[in-house]
There are 2 protein chains.
Amino acid sequence: MTFETERPATKPKSRRASGRPTLSDVANLAGVGSITVSRALRDPSRVSAELRERIDAAVKQLGYVLNPNARALASVRSDVIGVLIPSMTNNVFADVLRGIHDGLGASTMQIQFGNTHYSADEEERLLRVFLGQHPSALIVSGIDQSPGARELLENAGCPVVQIMEVGDDPVDMMIGFSHRDGGNAVTRHLIGTGRRRIAFIGARMDPRSRRRLAGYSEAMREAGLFDDCLVTTTPQPSSATLGSELFTQALSRVPDIDGVVCNNDDLALGVLFACHRHGVEVPGRVGIAGFNDHEMMAAAFPSITSIRTPRYEIGRRAVVMALAAIAGAPVSERVLDLGFELKIRESTAPSVE
Amino acid sequence: MTFETERPATKPKSRRASGRPTLSDVANLAGVGSITVSRALRDPSRVSAELRERIDAAVKQLGYVLNPNARALASVRSDVIGVLIPSMTNNVFADVLRGIHDGLGASTMQIQFGNTHYSADEEERLLRVFLGQHPSALIVSGIDQSPGARELLENAGCPVVQIMEVGDDPVDMMIGFSHRDGGNAVTRHLIGTGRRRIAFIGARMDPRSRRRLAGYSEAMREAGLFDDCLVTTTPQPSSATLGSELFTQALSRVPDIDGVVCNNDDLALGVLFACHRHGVEVPGRVGIAGFNDHEMMAAAFPSITSIRTPRYEIGRRAVVMALAAIAGAPVSERVLDLGFELKIRESTAPSVE
DNA sequence: AGCCGATTTGGTAGCGCTACCATTTCTTTA
DNA sequence: TAAAGAAATGGTAGCGCTACCAAATCGGCT
């Protein structure tokens, strides 16, 4: 089972040897044509049971592994699904990636993945690189591609799934939820607990963050509670430390804040820690809500209200949709809204003053 | 710049057209041989300035993108670095991955990455799949490969970097730190603050976790403080909720616990939350320490002592080492110990009773 | 001027696989 | 029983690139 460094003397004509058995080695050993071996490997049902067995035995005996490069070259299609995500630090995308891997199941597809760092230019560049490999499908984050990226996707010649958000204008398929509605729902909930001076704290402020903010603003305006000075945002990447800082800033500007809608869970934890540190009672004086509902929200003390987003499920189903489209199955629904769930916890219990 | 769906009538002999320009299309346009274009693209210094310019212009005009599959097939080497990590949920590996991507810099290498789910069998399977692509290098996590995986790595025929840990017996190169020493250092620190009944809480208990525990045990034994009933572990994956649960268990078994060494930061946060919930003073009655030092440790209240591990740097330098080895540079050091740093914070301030 | 080596360029033959057809063998039906 | 159709198998010619060698070009030196 060890790989030889040199080809045996029987095959001296080959100038460059990879040193590994090829399809025709398997075919010779099994006594069939190489194309038959290729078929047996790709779709066993297309060869007779007897040959299938002989071929399997030969494959095992030689320790044969298919060369995906040669396959991709010959079939003008590689078994690669390209995935573009904007960040690796953000553990939202760790969940999505986990879903993607699990959605693959027994498929032999490989995931090739790229990090756009929240940059549309970088997304376009990576898209070109990926397209060079003739991927079987592409999964991209968000719905705000640059015009150039949009054009590349429309001419990609393979299924494309946009994930994390839903919108009216899918390139091909789309799966996610409405960030605006999420921001709206959590804000309404805080308003419903009797709070009035509800702040919004946001970091990074990518398109999805901005839509959450829009949902917050809408709810506040509807209730006649909107006030510019309640909103604190920064382009910096989000962190718990930043959450503490932004909250401290907000509080010094608006001392009578009685609620905080955070753009994500890291910030919410930072706000909670800042409250602990400064003796601000939660939920007594200030109610706190996060976004995404990471595991830690339920464990925190007090446990933190959050919008549970279907991150894992988005990843998993994006791949399932892509695989179905690759297999040529008709697409029933182009846009799939997986929704979200408002998880109400201790941090937003009604204030009883 | 749009890609045609059908080849022009001048080339009807080609049965299957990828619809995209090829090297020889570029060569024809530039009026040179295709091999010269290949050279100009791979190593511009090997063609004259004039040709280089003509070729660059042709590439741009046609929107040419190199086909990596054809290149890999012809050169028996793909521009892929395979990365095997045990988990995607764990944000330790998110940092490593980020470092890996950044370490790539301007290189055209692609990262192909696989998730072993902490299973040696799965690692071996993925290794076979990866090796089928003739990767330029492999990066694997840990030093506890199965004998089969070890053999595959030794015969991989490409640079191999083992990351996260250091040991005596590298397959090729190795970069990480000593988990045992880390566990030892944080335990000694807690002992140094005057605590005596220091518990260990561990989840997952993969090889690295077990070495941290070994470091804890060693320090406790040295101080004559080791007690079996102080150690609580579970094979379950780690989480803050689990940290709360395990601490509650430990406390009911050993009510006079005055310190907790946690296997990682999630557990430590869970312990902190449980203390808040049950009114256990931190650090007054119980000192808490984590492992890895995620950003949140500094933001928490009280801020949590932790071992800062060079996760990002491990990823970045692993790739730099791999790229150097691919380029044929002599390897100066096979084993690189990046160490760790004990970050002392509020959660382990000396108890003053 | 003539020769030698270094440098730049090109031709050819694959890398290992699959698409496309041709061929053979096995069923089915009038 | 023969013809027609279906199913299983094989041969051949690339997919787009690069390794290997050969050829051409260019100085630098005696």
# chains A, B, ... in the order shown; residues from 1 in each chain; ligands from 1
>>> residues_around(residues="segment 20-27 of chain D", least_positions_apart="5", cutoff="10 Å", atoms="only C-alpha atoms (C1' of nucleotides)", output="compact mmCIF listing (two decimals) with all heavy atoms, in the first residue's frame")
# COMPACT_ATOMS: atom_id res chain seq x y z
N ARG A 15 7.60 10.23 -18.99
CA ARG A 15 8.67 11.07 -18.53
C ARG A 15 8.44 11.59 -17.11
O ARG A 15 9.32 11.65 -16.29
CB ARG A 15 8.83 12.26 -19.47
CG ARG A 15 9.30 11.85 -20.84
CD ARG A 15 9.33 13.02 -21.73
NE ARG A 15 8.07 13.76 -21.61
CZ ARG A 15 7.81 14.86 -22.27
NH1 ARG A 15 8.71 15.37 -23.05
NH2 ARG A 15 6.65 15.46 -22.14
N ARG A 16 7.22 12.00 -16.88
CA ARG A 16 6.89 12.51 -15.56
C ARG A 16 5.88 11.59 -14.93
O ARG A 16 4.75 11.50 -15.41
CB ARG A 16 6.30 13.92 -15.65
CG ARG A 16 7.26 14.95 -16.10
CD ARG A 16 6.52 16.16 -16.55
NE ARG A 16 5.82 15.90 -17.80
CZ ARG A 16 4.73 16.52 -18.18
NH1 ARG A 16 4.18 17.42 -17.40
NH2 ARG A 16 4.17 16.24 -19.32
P DG C 5 31.99 26.13 -24.11
OP1 DG C 5 32.98 25.67 -23.13
OP2 DG C 5 31.29 25.17 -25.01
O5' DG C 5 30.87 26.96 -23.32
C5' DG C 5 31.28 27.97 -22.39
C4' DG C 5 30.21 29.03 -22.32
O4' DG C 5 29.84 29.42 -23.66
C3' DG C 5 28.90 28.56 -21.65
O3' DG C 5 28.78 29.24 -20.40
C2' DG C 5 27.79 28.96 -22.62
C1' DG C 5 28.49 29.84 -23.65
N9 DG C 5 27.97 29.71 -25.01
C8 DG C 5 28.03 28.60 -25.81
N7 DG C 5 27.51 28.80 -27.00
C5 DG C 5 27.06 30.12 -26.95
C6 DG C 5 26.40 30.90 -27.94
O6 DG C 5 26.07 30.56 -29.07
N1 DG C 5 26.13 32.18 -27.47
C2 DG C 5 26.46 32.66 -26.23
N2 DG C 5 26.13 33.91 -25.96
N3 DG C 5 27.09 31.95 -25.30
C4 DG C 5 27.35 30.70 -25.73
P DA C 6 27.58 28.92 -19.42
OP1 DA C 6 28.06 29.10 -18.05
OP2 DA C 6 26.94 27.66 -19.83
O5' DA C 6 26.58 30.13 -19.77
C5' DA C 6 27.05 31.47 -19.64
C4' DA C 6 25.97 32.42 -20.09
O4' DA C 6 25.76 32.25 -21.52
C3' DA C 6 24.60 32.20 -19.43
O3' DA C 6 24.07 33.46 -19.05
C2' DA C 6 23.76 31.53 -20.51
C1' DA C 6 24.38 32.12 -21.79
N9 DA C 6 24.25 31.24 -22.96
C8 DA C 6 24.63 29.93 -23.06
N7 DA C 6 24.43 29.41 -24.25
C5 DA C 6 23.85 30.44 -24.97
C6 DA C 6 23.39 30.54 -26.30
N6 DA C 6 23.44 29.52 -27.16
N1 DA C 6 22.89 31.72 -26.71
C2 DA C 6 22.84 32.73 -25.83
N3 DA C 6 23.26 32.78 -24.56
C4 DA C 6 23.75 31.58 -24.19
P DT C 7 22.78 33.57 -18.14
OP1 DT C 7 22.92 34.75 -17.26
OP2 DT C 7 22.51 32.23 -17.56
O5' DT C 7 21.66 33.90 -19.22
C5' DT C 7 21.76 35.11 -19.98
C4' DT C 7 20.76 35.07 -21.11
O4' DT C 7 21.07 33.98 -22.00
C3' DT C 7 19.30 34.83 -20.66
O3' DT C 7 18.55 36.00 -20.95
C2' DT C 7 18.85 33.62 -21.48
C1' DT C 7 19.86 33.59 -22.60
N1 DT C 7 20.07 32.25 -23.23
C2 DT C 7 19.74 32.08 -24.56
O2 DT C 7 19.27 32.96 -25.25
N3 DT C 7 19.97 30.81 -25.05
C4 DT C 7 20.51 29.73 -24.36
O4 DT C 7 20.68 28.66 -24.92
C5 DT C 7 20.83 29.98 -22.98
C7 DT C 7 21.40 28.88 -22.14
C6 DT C 7 20.60 31.22 -22.48
P DT C 8 17.03 36.16 -20.48
OP1 DT C 8 16.78 37.58 -20.23
OP2 DT C 8 16.78 35.14 -19.44
O5' DT C 8 16.24 35.75 -21.80
C5' DT C 8 16.47 36.48 -23.00
C4' DT C 8 15.80 35.78 -24.15
O4' DT C 8 16.40 34.48 -24.36
C3' DT C 8 14.29 35.51 -23.96
O3' DT C 8 13.60 36.15 -25.00
C2' DT C 8 14.17 33.99 -23.98
C1' DT C 8 15.40 33.59 -24.78
N1 DT C 8 15.91 32.20 -24.54
C2 DT C 8 16.00 31.32 -25.59
O2 DT C 8 15.68 31.61 -26.73
N3 DT C 8 16.50 30.08 -25.27
C4 DT C 8 16.91 29.64 -24.03
O4 DT C 8 17.35 28.52 -23.87
C5 DT C 8 16.79 30.62 -22.96
C7 DT C 8 17.20 30.25 -21.57
C6 DT C 8 16.30 31.84 -23.26
P DT C 9 12.03 36.15 -25.06
OP1 DT C 9 11.59 37.28 -25.90
OP2 DT C 9 11.51 35.97 -23.69
O5' DT C 9 11.77 34.82 -25.87
C5' DT C 9 11.69 34.87 -27.29
C4' DT C 9 11.54 33.47 -27.85
O4' DT C 9 12.38 32.56 -27.13
C3' DT C 9 10.13 32.87 -27.75
O3' DT C 9 9.51 32.97 -29.01
C2' DT C 9 10.37 31.42 -27.34
C1' DT C 9 11.88 31.27 -27.38
N1 DT C 9 12.45 30.34 -26.36
C2 DT C 9 12.89 29.10 -26.77
O2 DT C 9 12.84 28.71 -27.91
N3 DT C 9 13.40 28.32 -25.76
C4 DT C 9 13.52 28.64 -24.43
O4 DT C 9 13.99 27.87 -23.62
C5 DT C 9 13.03 29.97 -24.07
C7 DT C 9 13.10 30.43 -22.65
C6 DT C 9 12.53 30.74 -25.04
P DG C 10 8.03 32.44 -29.20
OP1 DG C 10 7.44 33.15 -30.36
OP2 DG C 10 7.36 32.45 -27.88
O5' DG C 10 8.28 30.94 -29.63
C5' DG C 10 9.03 30.67 -30.81
C4' DG C 10 9.15 29.18 -31.01
O4' DG C 10 9.93 28.61 -29.93
C3' DG C 10 7.81 28.42 -31.00
O3' DG C 10 7.75 27.63 -32.18
C2' DG C 10 7.85 27.57 -29.75
C1' DG C 10 9.35 27.40 -29.51
N9 DG C 10 9.71 27.20 -28.12
C8 DG C 10 9.52 28.10 -27.09
N7 DG C 10 9.97 27.65 -25.94
C5 DG C 10 10.49 26.39 -26.23
C6 DG C 10 11.11 25.44 -25.38
O6 DG C 10 11.33 25.53 -24.18
N1 DG C 10 11.47 24.29 -26.10
C2 DG C 10 11.28 24.10 -27.43
N2 DG C 10 11.70 22.95 -27.93
N3 DG C 10 10.71 24.98 -28.23
C4 DG C 10 10.34 26.10 -27.57
P DG C 11 6.41 26.93 -32.61
OP1 DG C 11 6.24 27.17 -34.06
OP2 DG C 11 5.33 27.30 -31.67
O5' DG C 11 6.78 25.38 -32.39
C5' DG C 11 8.04 24.89 -32.87
C4' DG C 11 8.15 23.40 -32.66
O4' DG C 11 8.62 23.13 -31.32
C3' DG C 11 6.84 22.62 -32.79
O3' DG C 11 7.15 21.36 -33.41
C2' DG C 11 6.37 22.44 -31.36
C1' DG C 11 7.68 22.36 -30.58
N9 DG C 11 7.63 22.94 -29.25
C8 DG C 11 7.09 24.15 -28.90
N7 DG C 11 7.21 24.43 -27.62
C5 DG C 11 7.89 23.32 -27.11
C6 DG C 11 8.31 23.05 -25.78
O6 DG C 11 8.18 23.76 -24.78
N1 DG C 11 8.96 21.82 -25.69
C2 DG C 11 9.16 20.96 -26.75
N2 DG C 11 9.80 19.83 -26.46
N3 DG C 11 8.78 21.21 -27.98
C4 DG C 11 8.14 22.40 -28.09
P DT C 12 6.00 20.33 -33.73
OP1 DT C 12 6.44 19.58 -34.91
OP2 DT C 12 4.68 21.01 -33.72
O5' DT C 12 6.08 19.35 -32.48
C5' DT C 12 7.35 18.83 -32.11
C4' DT C 12 7.18 17.91 -30.92
O4' DT C 12 7.13 18.68 -29.70
C3' DT C 12 5.91 17.05 -30.93
O3' DT C 12 6.28 15.75 -30.54
C2' DT C 12 5.01 17.74 -29.91
C1' DT C 12 6.05 18.23 -28.90
N1 DT C 12 5.66 19.37 -28.03
C2 DT C 12 6.08 19.36 -26.72
O2 DT C 12 6.75 18.46 -26.25
N3 DT C 12 5.69 20.45 -25.99
C4 DT C 12 4.93 21.51 -26.43
O4 DT C 12 4.65 22.43 -25.66
C5 DT C 12 4.52 21.46 -27.80
C7 DT C 12 3.70 22.56 -28.37
C6 DT C 12 4.90 20.40 -28.53
P DA C 13 5.32 14.53 -30.83
OP1 DA C 13 6.04 13.57 -31.69
OP2 DA C 13 3.97 15.02 -31.20
O5' DA C 13 5.24 13.91 -29.36
C5' DA C 13 6.41 13.87 -28.55
C4' DA C 13 6.00 13.80 -27.09
O4' DA C 13 5.56 15.10 -26.64
C3' DA C 13 4.84 12.85 -26.82
O3' DA C 13 5.13 12.16 -25.61
C2' DA C 13 3.64 13.78 -26.68
C1' DA C 13 4.31 14.97 -25.99
N9 DA C 13 3.59 16.23 -26.11
C8 DA C 13 2.87 16.71 -27.17
N7 DA C 13 2.36 17.90 -26.98
C5 DA C 13 2.77 18.22 -25.69
C6 DA C 13 2.55 19.36 -24.90
N6 DA C 13 1.84 20.42 -25.28
N1 DA C 13 3.10 19.37 -23.67
C2 DA C 13 3.81 18.31 -23.27
N3 DA C 13 4.09 17.19 -23.94
C4 DA C 13 3.53 17.21 -25.15
>>> closest_atom_pairs(of="chain D", to="segment 30-33 of chain A", cutoff="12 Å", atoms="only C-alpha atoms (C1' of nucleotides)", output="JSON lines")
{"residue": "D:DT9", "atom": "C1'", "partner": "A:Gly33", "partner_atom": "CA", "distance": 7.7}
{"residue": "D:DG10", "atom": "C1'", "partner": "A:Gly33", "partner_atom": "CA", "distance": 6.0}
{"residue": "D:DG11", "atom": "C1'", "partner": "A:Gly33", "partner_atom": "CA", "distance": 9.0}
>>> write_last_selection(atoms="C-alpha atoms (C1' of nucleotides)", output="PDB file, in the first residue's frame")
ATOM      1  C1'  DT D   9     -18.650  -2.102 -22.892  1.00  0.00           C
ATOM      2  C1'  DG D  10     -14.748  -0.200 -25.453  1.00  0.00           C
ATOM      3  C1'  DG D  11     -11.784   3.101 -28.554  1.00  0.00           C
TER       4       DG D  11
END
>>> closest_residue(among="A:Asp265, A:Asp121, A:Asp95, A:Asp56", to="Ile304 of chain A", atoms="only C-alpha atoms")
A:Asp265
>>> interface_residues(of="chain C", to="chain A", cutoff="7 Å", atoms="only C-alpha atoms (C1' of nucleotides)", output="list of chain:residue names")
C:DG16, C:DC17, C:DT18
>>> atom_distance(atom1="atom CA of Ala203 of chain B", atom2="atom CA of Gly290 of chain B")
12.4 Å
>>> closest_atom_pairs(of="chain B", to="chain A", cutoff="6 Å", atoms="only C-alpha atoms", output="tab-separated table")
residue	atom	partner	partner_atom	distance
B:Val65	CA	A:Gly132	CA	5.9
B:Asn67	CA	A:Gly132	CA	5.8
B:Asn69	CA	A:Asn69	CA	4.7
B:Ala70	CA	A:Leu73	CA	5.9
B:Leu73	CA	A:Asn69	CA	5.8
B:Gln112	CA	A:Gln112	CA	5.9
B:Gly132	CA	A:Asn67	CA	5.7
B:Ala240	CA	A:Met296	CA	5.7
B:Thr241	CA	A:Ala299	CA	5.0
B:Phe273	CA	A:Phe301	CA	5.3
B:Met296	CA	A:Ala240	CA	5.7
B:Ala299	CA	A:Thr241	CA	4.9
B:Ala300	CA	A:Phe273	CA	5.5
B:Phe301	CA	A:Phe273	CA	5.3
>>> write_last_selection(atoms="N, CA and C atoms", output="mmCIF file, in the first residue's frame")
data_model
loop_
_atom_site.group_PDB
_atom_site.id
_atom_site.type_symbol
_atom_site.label_atom_id
_atom_site.label_comp_id
_atom_site.auth_asym_id
_atom_site.auth_seq_id
_atom_site.Cartn_x
_atom_site.Cartn_y
_atom_site.Cartn_z
ATOM 1 N N VAL B 65 -8.138 33.769 -17.578
ATOM 2 C CA VAL B 65 -7.854 33.256 -16.231
ATOM 3 C C VAL B 65 -7.269 31.869 -16.382
ATOM 4 N N ASN B 67 -6.349 28.110 -15.858
ATOM 5 C CA ASN B 67 -7.107 26.960 -15.380
ATOM 6 C C ASN B 67 -6.245 26.141 -14.421
ATOM 7 N N ASN B 69 -6.800 23.504 -12.770
ATOM 8 C CA ASN B 69 -6.874 22.055 -12.907
ATOM 9 C C ASN B 69 -5.898 21.563 -13.964
ATOM 10 N N ALA B 70 -5.853 22.272 -15.071
ATOM 11 C CA ALA B 70 -4.935 21.871 -16.133
ATOM 12 C C ALA B 70 -3.497 22.010 -15.650
ATOM 13 N N LEU B 73 -2.705 19.197 -13.311
ATOM 14 C CA LEU B 73 -2.556 17.927 -14.025
ATOM 15 C C LEU B 73 -1.197 17.865 -14.716
ATOM 16 N N GLN B 112 -7.495 24.453 1.130
ATOM 17 C CA GLN B 112 -8.562 23.449 1.085
ATOM 18 C C GLN B 112 -8.682 22.936 2.488
ATOM 19 N N GLY B 132 -4.972 12.948 -2.778
ATOM 20 C CA GLY B 132 -5.375 12.701 -4.159
ATOM 21 C C GLY B 132 -5.206 13.924 -5.042
ATOM 22 N N ALA B 240 -20.630 27.497 27.550
ATOM 23 C CA ALA B 240 -20.797 28.244 28.798
ATOM 24 C C ALA B 240 -21.806 27.545 29.701
ATOM 25 N N THR B 241 -22.889 27.073 29.084
ATOM 26 C CA THR B 241 -23.917 26.369 29.864
ATOM 27 C C THR B 241 -23.308 25.175 30.579
ATOM 28 N N PHE B 273 -20.760 32.987 35.406
ATOM 29 C CA PHE B 273 -22.205 33.234 35.414
ATOM 30 C C PHE B 273 -22.878 32.449 36.546
ATOM 31 N N MET B 296 -13.184 38.280 25.118
ATOM 32 C CA MET B 296 -14.216 38.495 26.136
ATOM 33 C C MET B 296 -13.694 38.413 27.566
ATOM 34 N N ALA B 299 -13.082 41.725 28.949
ATOM 35 C CA ALA B 299 -14.278 42.559 29.070
ATOM 36 C C ALA B 299 -15.163 42.109 30.227
ATOM 37 N N ALA B 300 -15.061 40.853 30.619
ATOM 38 C CA ALA B 300 -15.973 40.302 31.630
ATOM 39 C C ALA B 300 -15.844 41.049 32.947
ATOM 40 N N PHE B 301 -16.869 40.934 33.775
ATOM 41 C CA PHE B 301 -16.791 41.510 35.117
ATOM 42 C C PHE B 301 -17.090 40.450 36.150
#
>>> select_by_dssp(residues="segment 176-287 of chain A", states="strand (DSSP E or B)", output="list in words")
Gly176, Phe177, Ile198, Ala199, Phe200, Ile201, Gly202, Val231, Thr232, Thr233, Gly259, Val260, Val261, Cys262 and Gly287 of chain A
>>> write_last_selection(atoms="all heavy atoms", output="CSV table (one decimal), in the first residue's frame")
chain,number,residue,atom,x,y,z
A,176,GLY,N,-32.2,32.8,3.8
A,176,GLY,CA,-31.9,33.7,4.9
A,176,GLY,C,-33.1,34.1,5.7
A,176,GLY,O,-34.1,33.4,5.8
A,177,PHE,N,-33.0,35.3,6.2
A,177,PHE,CA,-34.1,35.9,6.9
A,177,PHE,C,-34.0,37.4,6.8
A,177,PHE,O,-33.0,37.9,6.3
A,177,PHE,CB,-34.1,35.4,8.4
A,177,PHE,CG,-32.9,35.8,9.1
A,177,PHE,CD1,-32.9,37.0,9.9
A,177,PHE,CD2,-31.7,35.1,9.1
A,177,PHE,CE1,-31.8,37.4,10.6
A,177,PHE,CE2,-30.6,35.5,9.8
A,177,PHE,CZ,-30.6,36.7,10.5
A,198,ILE,N,-34.9,53.6,24.6
A,198,ILE,CA,-34.2,52.4,24.2
A,198,ILE,C,-33.1,52.7,23.2
A,198,ILE,O,-33.4,53.3,22.1
A,198,ILE,CB,-35.2,51.4,23.6
A,198,ILE,CG1,-36.3,51.1,24.6
A,198,ILE,CG2,-34.5,50.1,23.1
A,198,ILE,CD1,-37.5,50.4,24.0
A,199,ALA,N,-31.9,52.5,23.6
A,199,ALA,CA,-30.7,52.8,22.8
A,199,ALA,C,-30.4,51.7,21.8
A,199,ALA,O,-30.8,50.5,22.0
A,199,ALA,CB,-29.5,53.0,23.7
A,200,PHE,N,-29.8,52.0,20.7
A,200,PHE,CA,-29.3,51.0,19.7
A,200,PHE,C,-27.7,51.1,19.7
A,200,PHE,O,-27.2,52.2,19.6
A,200,PHE,CB,-29.8,51.3,18.3
A,200,PHE,CG,-29.3,50.3,17.3
A,200,PHE,CD1,-30.1,49.2,17.0
A,200,PHE,CD2,-28.1,50.5,16.6
A,200,PHE,CE1,-29.7,48.2,16.1
A,200,PHE,CE2,-27.7,49.5,15.7
A,200,PHE,CZ,-28.5,48.4,15.4
A,201,ILE,N,-27.1,50.0,19.8
A,201,ILE,CA,-25.6,49.9,19.8
A,201,ILE,C,-25.2,49.0,18.7
A,201,ILE,O,-25.6,47.8,18.7
A,201,ILE,CB,-25.1,49.5,21.2
A,201,ILE,CG1,-25.2,50.6,22.2
A,201,ILE,CG2,-23.6,49.0,21.0
A,201,ILE,CD1,-24.6,50.3,23.5
A,202,GLY,N,-24.4,49.6,17.8
A,202,GLY,CA,-24.0,48.7,16.6
A,202,GLY,C,-22.6,48.9,16.3
A,202,GLY,O,-22.0,50.0,16.3
A,231,VAL,N,-28.9,56.4,19.2
A,231,VAL,CA,-28.2,55.5,18.4
A,231,VAL,C,-26.7,55.7,18.4
A,231,VAL,O,-26.2,56.8,18.2
A,231,VAL,CB,-28.7,55.6,16.9
A,231,VAL,CG1,-27.9,54.7,16.0
A,231,VAL,CG2,-30.2,55.3,16.8
A,232,THR,N,-26.0,54.7,18.7
A,232,THR,CA,-24.5,54.7,18.8
A,232,THR,C,-23.9,53.6,17.9
A,232,THR,O,-24.2,52.5,18.1
A,232,THR,CB,-24.0,54.5,20.2
A,232,THR,OG1,-24.7,55.4,21.1
A,232,THR,CG2,-22.5,54.8,20.3
A,233,THR,N,-23.2,54.0,16.8
A,233,THR,CA,-22.6,53.0,16.0
A,233,THR,C,-21.2,53.4,15.7
A,233,THR,O,-20.7,54.5,15.9
A,233,THR,CB,-23.3,52.9,14.6
A,233,THR,OG1,-23.2,54.1,13.9
A,233,THR,CG2,-24.8,52.6,14.8
A,259,GLY,N,-33.1,50.8,28.1
A,259,GLY,CA,-33.1,49.6,27.3
A,259,GLY,C,-32.0,49.7,26.3
A,259,GLY,O,-31.7,50.8,25.8
A,260,VAL,N,-31.4,48.6,25.9
A,260,VAL,CA,-30.4,48.6,24.8
A,260,VAL,C,-30.7,47.5,23.8
A,260,VAL,O,-30.7,46.3,24.2
A,260,VAL,CB,-29.0,48.4,25.4
A,260,VAL,CG1,-27.9,48.7,24.3
A,260,VAL,CG2,-28.8,49.3,26.6
A,261,VAL,N,-30.8,47.8,22.6
A,261,VAL,CA,-30.9,46.8,21.5
A,261,VAL,C,-29.5,46.8,20.9
A,261,VAL,O,-29.0,47.8,20.4
A,261,VAL,CB,-31.9,47.2,20.4
A,261,VAL,CG1,-31.7,46.3,19.2
A,261,VAL,CG2,-33.3,47.2,21.0
A,262,CYS,N,-28.9,45.6,21.0
A,262,CYS,CA,-27.5,45.4,20.5
A,262,CYS,C,-27.5,44.7,19.1
A,262,CYS,O,-28.3,43.8,18.9
A,262,CYS,CB,-26.6,44.6,21.4
A,262,CYS,SG,-26.4,45.4,23.0
A,287,GLY,N,-32.8,47.2,30.3
A,287,GLY,CA,-33.1,45.9,29.7
A,287,GLY,C,-32.1,45.8,28.5
A,287,GLY,O,-31.7,46.7,27.8
>>> select_by_dssp(residues="segment 121-267 of chain B", states="helix (DSSP H, G or I)", output="ChimeraX atom specification")
/B:121-131,147-154,179-192,207-222,228-230,240-253,265-267
>>> atom_distance(atom1="atom CA of Leu323 of chain B", atom2="atom CA of Leu338 of chain B")
18.8 Å
>>> closest_residue(among="D:DT30, D:DT1, D:DT18, D:DT12", to="DC21 of chain C", atoms="only C-alpha atoms (C1' of nucleotides)")
D:DT12
>>> residues_around(residues="DA8 of chain D", least_positions_apart="5", cutoff="9 Å", atoms="only C-alpha atoms (C1' of nucleotides)", output="PyMOL selection string")
(chain A and resi 46-48) or (chain C and resi 24-26)
>>> atom_distance(atom1="atom CA of Thr348 of chain A", atom2="atom CA of Thr305 of chain A")
6.3 Å
>>> interface_residues(of="chain D", to="chain B", cutoff="8 Å", atoms="only C-alpha atoms (C1' of nucleotides)", output="ChimeraX atom specification")
/D:14-19
>>> decode(residues="segment 107-114 of chain A", atoms="N, CA, C and O atoms", output="PDB file, in the first residue's frame")
ATOM      1  N   SER A 107     -21.766  13.484   0.004  1.00  0.00           N
ATOM      2  CA  SER A 107     -21.305  13.977  -1.299  1.00  0.00           C
ATOM      3  C   SER A 107     -19.794  14.126  -1.325  1.00  0.00           C
ATOM      4  O   SER A 107     -19.163  14.396  -0.311  1.00  0.00           O
ATOM      5  N   THR A 108     -19.220  13.924  -2.499  1.00  0.00           N
ATOM      6  CA  THR A 108     -17.767  14.027  -2.618  1.00  0.00           C
ATOM      7  C   THR A 108     -17.325  15.446  -2.945  1.00  0.00           C
ATOM      8  O   THR A 108     -16.148  15.703  -3.149  1.00  0.00           O
ATOM      9  N   MET A 109     -18.296  16.361  -3.013  1.00  0.00           N
ATOM     10  CA  MET A 109     -17.959  17.762  -3.284  1.00  0.00           C
ATOM     11  C   MET A 109     -16.966  18.284  -2.242  1.00  0.00           C
ATOM     12  O   MET A 109     -17.001  17.895  -1.083  1.00  0.00           O
ATOM     13  N   GLN A 110     -16.131  19.183  -2.698  1.00  0.00           N
ATOM     14  CA  GLN A 110     -15.194  19.837  -1.786  1.00  0.00           C
ATOM     15  C   GLN A 110     -15.614  21.291  -1.619  1.00  0.00           C
ATOM     16  O   GLN A 110     -16.128  21.893  -2.559  1.00  0.00           O
ATOM     17  N   ILE A 111     -15.381  21.815  -0.444  1.00  0.00           N
ATOM     18  CA  ILE A 111     -15.675  23.224  -0.202  1.00  0.00           C
ATOM     19  C   ILE A 111     -14.394  24.033  -0.364  1.00  0.00           C
ATOM     20  O   ILE A 111     -13.365  23.706   0.211  1.00  0.00           O
ATOM     21  N   GLN A 112     -14.502  25.067  -1.186  1.00  0.00           N
ATOM     22  CA  GLN A 112     -13.365  25.971  -1.331  1.00  0.00           C
ATOM     23  C   GLN A 112     -13.838  27.288  -0.772  1.00  0.00           C
ATOM     24  O   GLN A 112     -14.830  27.836  -1.245  1.00  0.00           O
ATOM     25  N   PHE A 113     -13.150  27.799   0.232  1.00  0.00           N
ATOM     26  CA  PHE A 113     -13.789  28.962   0.784  1.00  0.00           C
ATOM     27  C   PHE A 113     -12.902  30.174   0.916  1.00  0.00           C
ATOM     28  O   PHE A 113     -11.689  30.085   1.030  1.00  0.00           O
ATOM     29  N   GLY A 114     -13.508  31.332   0.748  1.00  0.00           N
ATOM     30  CA  GLY A 114     -12.763  32.583   0.688  1.00  0.00           C
ATOM     31  C   GLY A 114     -13.360  33.616   1.616  1.00  0.00           C
ATOM     32  O   GLY A 114     -14.554  33.603   1.891  1.00  0.00           O
TER      33      GLY A 114
END
